[in-house]
Amino acid sequence: MPNPYISGTGFYLPPRIVTNDELSSYMDTTDEWIQERTGIKERRYVEKGVGPSDLAIPATEQALKAAGLTVSDIDFIIFATSTPDFYAPGSGCVLQEKMGFNEIGALDIRVQCSGFIYGLSIAEQYIRTGNFKNILLIGAEVQSTAMNLTDEGRDTAIIFGDGSGAAIISATEENKGILSTHMHSEGKYLKELWLEAPASNAGHPRITREVLDEGKQYLKMNGKEVFRHAITRFPEVINEALEANNLTSENINLLIPHQANLRITQMVQKRLGLSNDQVFSNIHKYGNTTAATIPIALAEAFNEGRIKEGDILVLAAFGAGFTWASAIMKW
Ligand code: UT7
C-alpha cells in the first residue's frame, strides 16, 4: 500500500497588516491587553473582493512548485474553510476554475479550526487505497468580514485574521509520511463558538433586517469556555496519536498546534513536558486564521529549517463544533 506524505507546502497572507493599535481605534481594547492574553501583535485582513479561493492561489502555486508538480498532476482538491467565498458552490470549485485544474473532484469541508487535519485524514485514505497520487489540501479563511469591530465584539475580533496555507499530499513507497490521524467532535457545545447567519432554518428570506440588527452575521465566542476545553483536548488528542504509534512526547521533533492563543499553546507545551524547540508558534504575526493556521505554520516551519527528513511531526487542533483532531507523521 502506498504511504501518504507531504510533498510540498506553501502559504500566503494578504498584505494589509492590522495592528493591535488599529483595533484599539475601533473598540475598547489595548495592545498590552491583546498581547498579554493572546500573544498576538498583528493579523492580516483582505481588501473587499478577496475571498479564500484568491488567498489559496499563491499558497497552491508555492506548494506545487515545492513538490515539483504542476496543476495537471493534481487528482483531487480538498478545501478546508469555515468562511467560503459563497454560500454555494464550495471554494474548491472556485479554485478549480481560477487555477485551471482538470475536471477533478473538489471537496469543501467545514470543520473550522480542525479543518486542515480532517482534510489530511481524507487525503490519507485516498492515497492509501491507491485512488489518487497527488491531492491538493488547502486551509484558507477570510474571517475579518465576520468580525464585529465594536466594543461588543472585542473578545472575539482581537483574535482572528485572514490567510491561507496549502499542502500537496502524495503517494510514496518509502517508509515515511502520515502515520495516523485522529478526529473528534462534541456538538453540544456548538453555540460556544458559532456564526448563526445566514441560516437555512431562519425562515424566508434567510437574511432580514432583524437578523442583521441582532448581529447574527458575526462570529461569536465564549472565550473562557473554549479555552477551558482546548487545554484539555489538545493534550488528550496528541497523546492519542502518540500512543497509537507507541511513541511518547520525547519522540516529538516538532509539534505544530492550531494557533488559537499563545497561552493555550504554552499550557499544552507544559502539560506534555515539551521544550521550546519542540513547539512551533507564529500567532504573534497572523493571529488565529482558523483552518489556515496549521498549513501556514507547517510551510513556515519547513522554510525555516525546523523540519528535517525523518523527524516526527505532530499536528493538533481544537475549535468550533467543538471539533478536535491530531495527525502524526514521519517527515
Ligand atoms: O480557534 C478557535 C478556538 N478559539 C480559542 O481557542 C480561543 C480561546 N479563548 C481565548 O483565547 C480567550 O478566552 C480570550 C483571548 C478570547 C479572552 O481572554 P480571557 O483571558 O479569557 O478574557 P475574559 O474573556 O475572561 O475577559 C477578561 C476581562 C473581562 O473584563 P471583566 O469582566 O474582568 O471586567 C472582559 O470584558 O477582559 C475583558 N475583555 C477585554 N479587555 C480588553 C475582553 N476582551 C477584551 C479586549 N480588550 N479585547
# chains A, B, ... in the order shown; residues from 1 in each chain; ligands from 1
>>> closest_atom_pairs(of="chain A", to="ligand 1", cutoff="7 Å", atoms="only C-alpha atoms and all ligand atoms", output="Markdown table")
| residue | atom | partner | partner_atom_place_in_ligand_line | distance |
| --- | --- | --- | --- | --- |
| A:Asp28 | CA | ligand 1 | 47 (N) | 6.1 |
| A:Thr29 | CA | ligand 1 | 47 (N) | 3.6 |
| A:Thr30 | CA | ligand 1 | 47 (N) | 6.0 |
| A:Trp33 | CA | ligand 1 | 42 (C) | 5.6 |
| A:Ile34 | CA | ligand 1 | 48 (N) | 6.2 |
| A:Arg37 | CA | ligand 1 | 15 (C) | 5.3 |
| A:Thr38 | CA | ligand 1 | 15 (C) | 5.3 |
| A:Cys113 | CA | ligand 1 | 1 (O) | 5.6 |
| A:Arg154 | CA | ligand 1 | 48 (N) | 4.3 |
| A:Asp155 | CA | ligand 1 | 44 (N) | 3.6 |
| A:Thr156 | CA | ligand 1 | 16 (C) | 5.8 |
| A:Ile158 | CA | ligand 1 | 48 (N) | 5.7 |
| A:Ile159 | CA | ligand 1 | 15 (C) | 6.8 |
| A:Gly223 | CA | ligand 1 | 13 (O) | 3.4 |
| A:Lys224 | CA | ligand 1 | 13 (O) | 4.2 |
| A:Val226 | CA | ligand 1 | 8 (C) | 4.9 |
| A:Phe227 | CA | ligand 1 | 8 (C) | 4.0 |
| A:Ala230 | CA | ligand 1 | 6 (O) | 6.1 |
| A:Gln259 | CA | ligand 1 | 1 (O) | 7.0 |
| A:Ala260 | CA | ligand 1 | 1 (O) | 4.3 |
| A:Asn261 | CA | ligand 1 | 11 (O) | 5.0 |
| A:Asn288 | CA | ligand 1 | 1 (O) | 6.1 |
| A:Thr290 | CA | ligand 1 | 1 (O) | 5.6 |
| A:Phe318 | CA | ligand 1 | 3 (C) | 6.2 |
| A:Gly319 | CA | ligand 1 | 2 (C) | 4.1 |
| A:Ala320 | CA | ligand 1 | 2 (C) | 6.0 |
>>> select_by_dssp(residues="range 62-209 of chain A", states="helix (DSSP H, G or I)", output="NGL selection string")
:A and (62-67 or 71-73 or 91-99 or 112-128 or 144-146 or 151-157 or 187-192 or 209)
>>> write_last_selection(atoms="N, CA and C atoms", output="compact mmCIF listing (two decimals), in the first residue's frame")
# COMPACT_ATOMS: atom_id res chain seq x y z
N GLN A 62 2.97 27.88 -4.65
CA GLN A 62 4.21 27.55 -3.92
C GLN A 62 4.29 26.06 -3.60
N ALA A 63 3.16 25.51 -3.16
CA ALA A 63 3.15 24.09 -2.77
C ALA A 63 3.43 23.20 -3.98
N LEU A 64 2.83 23.54 -5.12
CA LEU A 64 3.06 22.76 -6.35
C LEU A 64 4.53 22.82 -6.74
N LYS A 65 5.10 24.04 -6.68
CA LYS A 65 6.50 24.23 -7.05
C LYS A 65 7.41 23.39 -6.13
N ALA A 66 7.12 23.46 -4.83
CA ALA A 66 7.93 22.72 -3.86
C ALA A 66 7.86 21.22 -4.11
N ALA A 67 6.70 20.76 -4.57
CA ALA A 67 6.52 19.32 -4.82
C ALA A 67 7.04 18.92 -6.20
N VAL A 71 -0.29 21.95 -12.10
CA VAL A 71 -1.74 21.87 -11.90
C VAL A 71 -2.30 20.55 -12.45
N SER A 72 -1.79 20.10 -13.59
CA SER A 72 -2.37 18.91 -14.23
C SER A 72 -2.01 17.60 -13.51
N ASP A 73 -1.06 17.67 -12.56
CA ASP A 73 -0.71 16.46 -11.79
C ASP A 73 -1.67 16.21 -10.63
N SER A 91 -15.65 26.58 -2.21
CA SER A 91 -14.44 27.28 -2.67
C SER A 91 -13.52 26.37 -3.48
N GLY A 92 -13.63 25.06 -3.29
CA GLY A 92 -12.83 24.13 -4.08
C GLY A 92 -13.14 24.26 -5.56
N CYS A 93 -14.44 24.41 -5.87
CA CYS A 93 -14.85 24.59 -7.28
C CYS A 93 -14.36 25.93 -7.80
N VAL A 94 -14.41 26.94 -6.95
CA VAL A 94 -13.96 28.28 -7.36
C VAL A 94 -12.47 28.23 -7.70
N LEU A 95 -11.70 27.55 -6.84
CA LEU A 95 -10.26 27.43 -7.07
C LEU A 95 -9.97 26.59 -8.32
N GLN A 96 -10.74 25.53 -8.50
CA GLN A 96 -10.56 24.66 -9.69
C GLN A 96 -10.63 25.50 -10.95
N GLU A 97 -11.62 26.38 -11.01
CA GLU A 97 -11.80 27.22 -12.19
C GLU A 97 -10.69 28.28 -12.29
N LYS A 98 -10.40 28.95 -11.17
CA LYS A 98 -9.42 30.04 -11.21
C LYS A 98 -8.03 29.56 -11.60
N MET A 99 -7.66 28.33 -11.18
CA MET A 99 -6.31 27.86 -11.47
C MET A 99 -6.25 26.89 -12.65
N GLN A 112 -13.99 24.08 10.62
CA GLN A 112 -13.41 25.19 11.38
C GLN A 112 -11.91 24.96 11.66
N CYS A 113 -11.50 25.15 12.91
CA CYS A 113 -10.06 25.11 13.22
C CYS A 113 -9.44 23.74 12.98
N SER A 114 -10.26 22.69 13.01
CA SER A 114 -9.72 21.34 12.80
C SER A 114 -9.74 20.95 11.32
N GLY A 115 -10.17 21.85 10.45
CA GLY A 115 -10.40 21.53 9.04
C GLY A 115 -9.20 20.95 8.32
N PHE A 116 -8.02 21.51 8.58
CA PHE A 116 -6.85 21.03 7.84
C PHE A 116 -6.54 19.58 8.22
N ILE A 117 -6.66 19.24 9.50
CA ILE A 117 -6.34 17.87 9.92
C ILE A 117 -7.42 16.89 9.44
N TYR A 118 -8.68 17.30 9.50
CA TYR A 118 -9.74 16.45 8.93
C TYR A 118 -9.44 16.22 7.43
N GLY A 119 -9.04 17.27 6.75
CA GLY A 119 -8.73 17.17 5.32
C GLY A 119 -7.56 16.22 5.07
N LEU A 120 -6.58 16.30 5.96
CA LEU A 120 -5.41 15.42 5.86
C LEU A 120 -5.84 13.96 6.00
N SER A 121 -6.78 13.75 6.90
CA SER A 121 -7.28 12.39 7.13
C SER A 121 -8.00 11.85 5.89
N ILE A 122 -8.75 12.71 5.22
CA ILE A 122 -9.44 12.29 3.99
C ILE A 122 -8.39 11.97 2.92
N ALA A 123 -7.42 12.87 2.77
CA ALA A 123 -6.36 12.66 1.77
C ALA A 123 -5.61 11.36 2.05
N GLU A 124 -5.33 11.14 3.34
CA GLU A 124 -4.60 9.94 3.76
C GLU A 124 -5.30 8.67 3.22
N GLN A 125 -6.61 8.62 3.37
CA GLN A 125 -7.35 7.41 2.95
C GLN A 125 -7.27 7.22 1.44
N TYR A 126 -7.47 8.28 0.69
CA TYR A 126 -7.46 8.17 -0.78
C TYR A 126 -6.09 7.75 -1.31
N ILE A 127 -5.03 8.19 -0.63
CA ILE A 127 -3.68 7.81 -1.09
C ILE A 127 -3.41 6.35 -0.73
N ARG A 128 -3.77 5.97 0.50
CA ARG A 128 -3.51 4.58 0.92
C ARG A 128 -4.23 3.57 0.03
N SER A 144 -12.06 38.15 8.67
CA SER A 144 -12.19 39.57 9.04
C SER A 144 -13.60 40.11 8.79
N THR A 145 -14.25 39.62 7.72
CA THR A 145 -15.59 40.16 7.40
C THR A 145 -16.67 39.62 8.33
N ALA A 146 -16.32 38.68 9.21
CA ALA A 146 -17.29 38.17 10.19
C ALA A 146 -17.02 38.73 11.59
N ASP A 151 -17.02 47.58 20.47
CA ASP A 151 -16.78 47.09 21.84
C ASP A 151 -17.45 45.73 22.07
N GLU A 152 -18.64 45.59 21.49
CA GLU A 152 -19.43 44.37 21.70
C GLU A 152 -18.69 43.12 21.21
N GLY A 153 -17.89 43.27 20.16
CA GLY A 153 -17.22 42.11 19.57
C GLY A 153 -15.76 41.97 19.97
N ARG A 154 -15.32 42.77 20.95
CA ARG A 154 -13.86 42.86 21.19
C ARG A 154 -13.23 41.56 21.67
N ASP A 155 -14.00 40.72 22.38
CA ASP A 155 -13.40 39.49 22.89
C ASP A 155 -13.12 38.48 21.78
N THR A 156 -13.78 38.63 20.62
CA THR A 156 -13.58 37.70 19.50
C THR A 156 -12.73 38.35 18.40
N ALA A 157 -13.02 39.62 18.12
CA ALA A 157 -12.39 40.29 16.97
C ALA A 157 -10.87 40.41 17.10
N GLY A 187 -20.91 18.15 19.51
CA GLY A 187 -21.82 19.21 19.04
C GLY A 187 -22.61 19.91 20.12
N LYS A 188 -22.60 19.38 21.33
CA LYS A 188 -23.39 20.04 22.37
C LYS A 188 -22.83 21.43 22.70
N TYR A 189 -21.61 21.67 22.30
CA TYR A 189 -21.01 22.98 22.57
C TYR A 189 -21.04 23.92 21.36
N LEU A 190 -21.91 23.61 20.39
CA LEU A 190 -21.86 24.37 19.13
C LEU A 190 -22.05 25.87 19.30
N LYS A 191 -22.83 26.26 20.32
CA LYS A 191 -23.09 27.69 20.47
C LYS A 191 -21.99 28.44 21.24
N GLU A 192 -20.97 27.72 21.67
CA GLU A 192 -19.86 28.39 22.38
C GLU A 192 -18.94 29.13 21.40
N ARG A 209 -33.58 42.30 7.94
CA ARG A 209 -33.07 43.45 8.71
C ARG A 209 -32.87 43.07 10.19
>>> closest_atom_pairs(of="range 31-54 of chain A", to="range 15-20 of chain A", cutoff="10 Å", atoms="only C-alpha atoms", output="tab-separated table")
residue	atom	partner	partner_atom	distance
A:Asp31	CA	A:Asn20	CA	4.9
A:Glu32	CA	A:Asn20	CA	8.5
A:Trp33	CA	A:Asn20	CA	9.3
A:Ile34	CA	A:Asn20	CA	7.1
A:Gln35	CA	A:Asn20	CA	8.3
A:Ile40	CA	A:Asn20	CA	8.0
A:Lys41	CA	A:Asn20	CA	6.1
A:Glu42	CA	A:Thr19	CA	4.4
A:Arg43	CA	A:Val18	CA	5.4
A:Arg44	CA	A:Ile17	CA	4.7
A:Tyr45	CA	A:Arg16	CA	5.6
A:Val46	CA	A:Arg16	CA	6.6
A:Glu47	CA	A:Arg16	CA	7.7
>>> write_last_selection(atoms="all heavy atoms", output="tab-separated table (two decimals), in the first residue's frame")
chain	number	residue	atom	x	y	z
A	31	ASP	N	-3.19	47.34	23.02
A	31	ASP	CA	-2.13	46.46	22.53
A	31	ASP	C	-1.64	45.57	23.68
A	31	ASP	O	-1.44	44.37	23.52
A	31	ASP	CB	-0.99	47.33	21.97
A	31	ASP	CG	0.22	46.52	21.55
A	31	ASP	OD1	0.03	45.47	20.93
A	31	ASP	OD2	1.35	46.93	21.86
A	32	GLU	N	-1.48	46.18	24.86
A	32	GLU	CA	-0.98	45.46	26.03
A	32	GLU	C	-1.90	44.28	26.39
A	32	GLU	O	-1.46	43.16	26.61
A	32	GLU	CB	-0.87	46.44	27.19
A	32	GLU	CG	-0.05	45.93	28.32
A	32	GLU	CD	-0.17	46.85	29.54
A	32	GLU	OE1	-0.86	47.88	29.47
A	32	GLU	OE2	0.44	46.50	30.56
A	33	TRP	N	-3.23	44.57	26.45
A	33	TRP	CA	-4.21	43.52	26.82
A	33	TRP	C	-4.15	42.38	25.81
A	33	TRP	O	-4.08	41.21	26.17
A	33	TRP	CB	-5.63	44.09	26.88
A	33	TRP	CG	-6.62	43.15	27.53
A	33	TRP	CD1	-7.02	43.15	28.84
A	33	TRP	CD2	-7.33	42.06	26.91
A	33	TRP	NE1	-7.91	42.14	29.08
A	33	TRP	CE2	-8.11	41.44	27.90
A	33	TRP	CE3	-7.38	41.53	25.63
A	33	TRP	CZ2	-8.95	40.35	27.65
A	33	TRP	CZ3	-8.19	40.42	25.38
A	33	TRP	CH2	-8.97	39.85	26.37
A	34	ILE	N	-4.16	42.71	24.53
A	34	ILE	CA	-4.20	41.67	23.49
A	34	ILE	C	-2.93	40.82	23.54
A	34	ILE	O	-2.99	39.58	23.51
A	34	ILE	CB	-4.40	42.28	22.08
A	34	ILE	CG1	-5.72	43.05	22.01
A	34	ILE	CG2	-4.39	41.18	21.01
A	34	ILE	CD1	-5.93	43.86	20.73
A	35	GLN	N	-1.78	41.48	23.66
A	35	GLN	CA	-0.52	40.71	23.70
A	35	GLN	C	-0.45	39.82	24.92
A	35	GLN	O	-0.04	38.67	24.86
A	35	GLN	CB	0.68	41.66	23.67
A	35	GLN	CG	0.91	42.24	22.29
A	35	GLN	CD	2.38	42.60	22.06
A	35	GLN	OE1	3.27	41.80	22.31
A	35	GLN	NE2	2.62	43.80	21.57
A	40	ILE	N	-0.84	37.83	20.46
A	40	ILE	CA	-0.98	38.37	19.09
A	40	ILE	C	-0.53	39.83	19.04
A	40	ILE	O	-0.93	40.65	19.88
A	40	ILE	CB	-2.45	38.25	18.60
A	40	ILE	CG1	-2.89	36.78	18.58
A	40	ILE	CG2	-2.61	38.88	17.21
A	40	ILE	CD1	-4.39	36.57	18.42
A	41	LYS	N	0.32	40.15	18.03
A	41	LYS	CA	0.76	41.53	17.83
A	41	LYS	C	0.03	42.16	16.66
A	41	LYS	O	-0.27	43.34	16.64
A	41	LYS	CB	2.26	41.58	17.56
A	41	LYS	CG	3.08	41.16	18.75
A	41	LYS	CD	4.56	41.33	18.50
A	41	LYS	CE	5.31	41.00	19.79
A	41	LYS	NZ	6.71	40.83	19.62
A	42	GLU	N	-0.20	41.36	15.63
A	42	GLU	CA	-0.90	41.85	14.43
A	42	GLU	C	-1.50	40.68	13.69
A	42	GLU	O	-1.17	39.52	13.95
A	42	GLU	CB	0.07	42.62	13.53
A	42	GLU	CG	1.28	41.81	13.12
A	42	GLU	CD	2.37	42.66	12.46
A	42	GLU	OE1	2.62	43.78	12.92
A	42	GLU	OE2	2.95	42.17	11.48
A	43	ARG	N	-2.43	41.00	12.78
A	43	ARG	CA	-3.05	39.98	11.93
A	43	ARG	C	-3.25	40.62	10.57
A	43	ARG	O	-3.01	41.82	10.39
A	43	ARG	CB	-4.38	39.46	12.53
A	43	ARG	CG	-5.57	40.34	12.49
A	43	ARG	CD	-5.60	41.50	13.49
A	43	ARG	NE	-5.63	41.11	14.89
A	43	ARG	CZ	-4.94	41.70	15.84
A	43	ARG	NH1	-4.18	42.79	15.57
A	43	ARG	NH2	-4.98	41.33	17.09
A	44	ARG	N	-3.70	39.85	9.58
A	44	ARG	CA	-3.89	40.37	8.24
A	44	ARG	C	-5.37	40.37	7.88
A	44	ARG	O	-6.09	39.43	8.23
A	44	ARG	CB	-3.14	39.51	7.21
A	44	ARG	CG	-1.66	39.33	7.49
A	44	ARG	CD	-0.90	40.63	7.36
A	44	ARG	NE	0.53	40.43	7.60
A	44	ARG	CZ	1.41	40.23	6.64
A	44	ARG	NH1	1.04	40.21	5.36
A	44	ARG	NH2	2.69	40.05	6.93
A	45	TYR	N	-5.80	41.40	7.14
A	45	TYR	CA	-7.17	41.46	6.64
A	45	TYR	C	-7.13	41.60	5.12
A	45	TYR	O	-6.28	42.34	4.58
A	45	TYR	CB	-7.91	42.70	7.19
A	45	TYR	CG	-8.44	42.58	8.61
A	45	TYR	CD1	-8.12	41.51	9.45
A	45	TYR	CD2	-9.28	43.58	9.13
A	45	TYR	CE1	-8.62	41.45	10.75
A	45	TYR	CE2	-9.78	43.52	10.42
A	45	TYR	CZ	-9.44	42.45	11.23
A	45	TYR	OH	-9.92	42.40	12.52
A	46	VAL	N	-8.07	40.98	4.44
A	46	VAL	CA	-8.18	41.14	2.98
A	46	VAL	C	-8.82	42.48	2.65
A	46	VAL	O	-9.46	43.11	3.51
A	46	VAL	CB	-9.05	40.03	2.34
A	46	VAL	CG1	-8.42	38.66	2.52
A	46	VAL	CG2	-10.48	40.05	2.90
A	47	GLU	N	-8.68	42.90	1.41
A	47	GLU	CA	-9.45	44.03	0.88
A	47	GLU	C	-10.76	43.47	0.34
A	47	GLU	O	-10.85	42.27	0.04
A	47	GLU	CB	-8.69	44.73	-0.26
A	47	GLU	CG	-7.30	45.24	0.12
A	47	GLU	CD	-7.32	46.36	1.16
A	47	GLU	OE1	-8.38	47.00	1.34
A	47	GLU	OE2	-6.27	46.57	1.81
>>> closest_residue(among="A:Val50, A:Val268, A:Ile312, A:Met27", to="Leu242 in chain A", atoms="only C-alpha atoms")
A:Ile312
>>> select_by_dssp(residues="range 1-185 of chain A", states="strand (DSSP E)", output="PyMOL selection string")
chain A and resi 3-12+16-19+42-45+76-80+105-109+134-141+163-172+177-185
>>> residues_around(residues="Ile307 in chain A", least_positions_apart="6", cutoff="9 Å", atoms="only C-alpha atoms", output="number ranges by chain")
A: 253-254, 298, 301, 313, 331
>>> residues_around(residues="Pro2 in chain A", least_positions_apart="5", cutoff="6 Å", atoms="only C-alpha atoms", output="mmCIF file with C-alpha atoms, in the first residue's frame")
data_model
loop_
_atom_site.group_PDB
_atom_site.id
_atom_site.type_symbol
_atom_site.label_atom_id
_atom_site.label_comp_id
_atom_site.auth_asym_id
_atom_site.auth_seq_id
_atom_site.Cartn_x
_atom_site.Cartn_y
_atom_site.Cartn_z
ATOM 1 C CA ARG A 128 -3.507 4.585 0.923
ATOM 2 C CA ALA A 171 1.957 8.725 -2.610
ATOM 3 C CA THR A 172 5.308 7.131 -1.818
ATOM 4 C CA GLU A 173 6.598 3.585 -1.471
#
>>> residues_around(residues="Gly8 in chain A", least_positions_apart="3", cutoff="12 Å", atoms="only C-alpha atoms", output="number ranges by chain")
A: 5, 11, 59-70, 134-138, 165-170, 295, 298-300, 302-303, 331
>>> residues_around(residues="Ile256 in chain A", least_positions_apart="5", cutoff="8 Å", atoms="only C-alpha atoms", output="list in words")
Val279, Phe280, Ser281, Ile294, Ala297, Leu298, Leu313, Val314, Leu315 and Ala316 of chain A
>>> write_last_selection(atoms="N, CA and C atoms", output="short mmCIF file (atom, residue, chain, number, x, y, z; two decimals), in the first residue's frame")
data_model
loop_
_atom_site.label_atom_id
_atom_site.label_comp_id
_atom_site.auth_asym_id
_atom_site.auth_seq_id
_atom_site.Cartn_x
_atom_site.Cartn_y
_atom_site.Cartn_z
N VAL A 279 8.11 23.00 19.89
CA VAL A 279 6.78 23.58 19.61
C VAL A 279 6.92 24.79 18.70
N PHE A 280 6.03 24.87 17.71
CA PHE A 280 6.10 25.99 16.75
C PHE A 280 4.97 26.98 17.02
N SER A 281 5.32 28.26 16.98
CA SER A 281 4.30 29.30 17.15
C SER A 281 4.59 30.48 16.23
N ILE A 294 -2.59 25.91 10.68
CA ILE A 294 -1.65 24.77 10.63
C ILE A 294 -0.88 24.73 9.31
N ALA A 297 1.70 27.51 9.34
CA ALA A 297 2.79 27.20 10.26
C ALA A 297 3.69 26.09 9.71
N LEU A 298 3.06 25.10 9.10
CA LEU A 298 3.81 23.98 8.52
C LEU A 298 4.77 24.49 7.45
N LEU A 313 6.65 14.58 13.39
CA LEU A 313 5.91 15.84 13.41
C LEU A 313 4.47 15.55 13.87
N VAL A 314 3.99 16.36 14.80
CA VAL A 314 2.61 16.20 15.25
C VAL A 314 1.84 17.49 14.98
N LEU A 315 0.65 17.34 14.39
CA LEU A 315 -0.25 18.47 14.19
C LEU A 315 -1.46 18.25 15.10
N ALA A 316 -1.98 19.33 15.70
CA ALA A 316 -3.15 19.16 16.57
C ALA A 316 -4.01 20.41 16.52
#
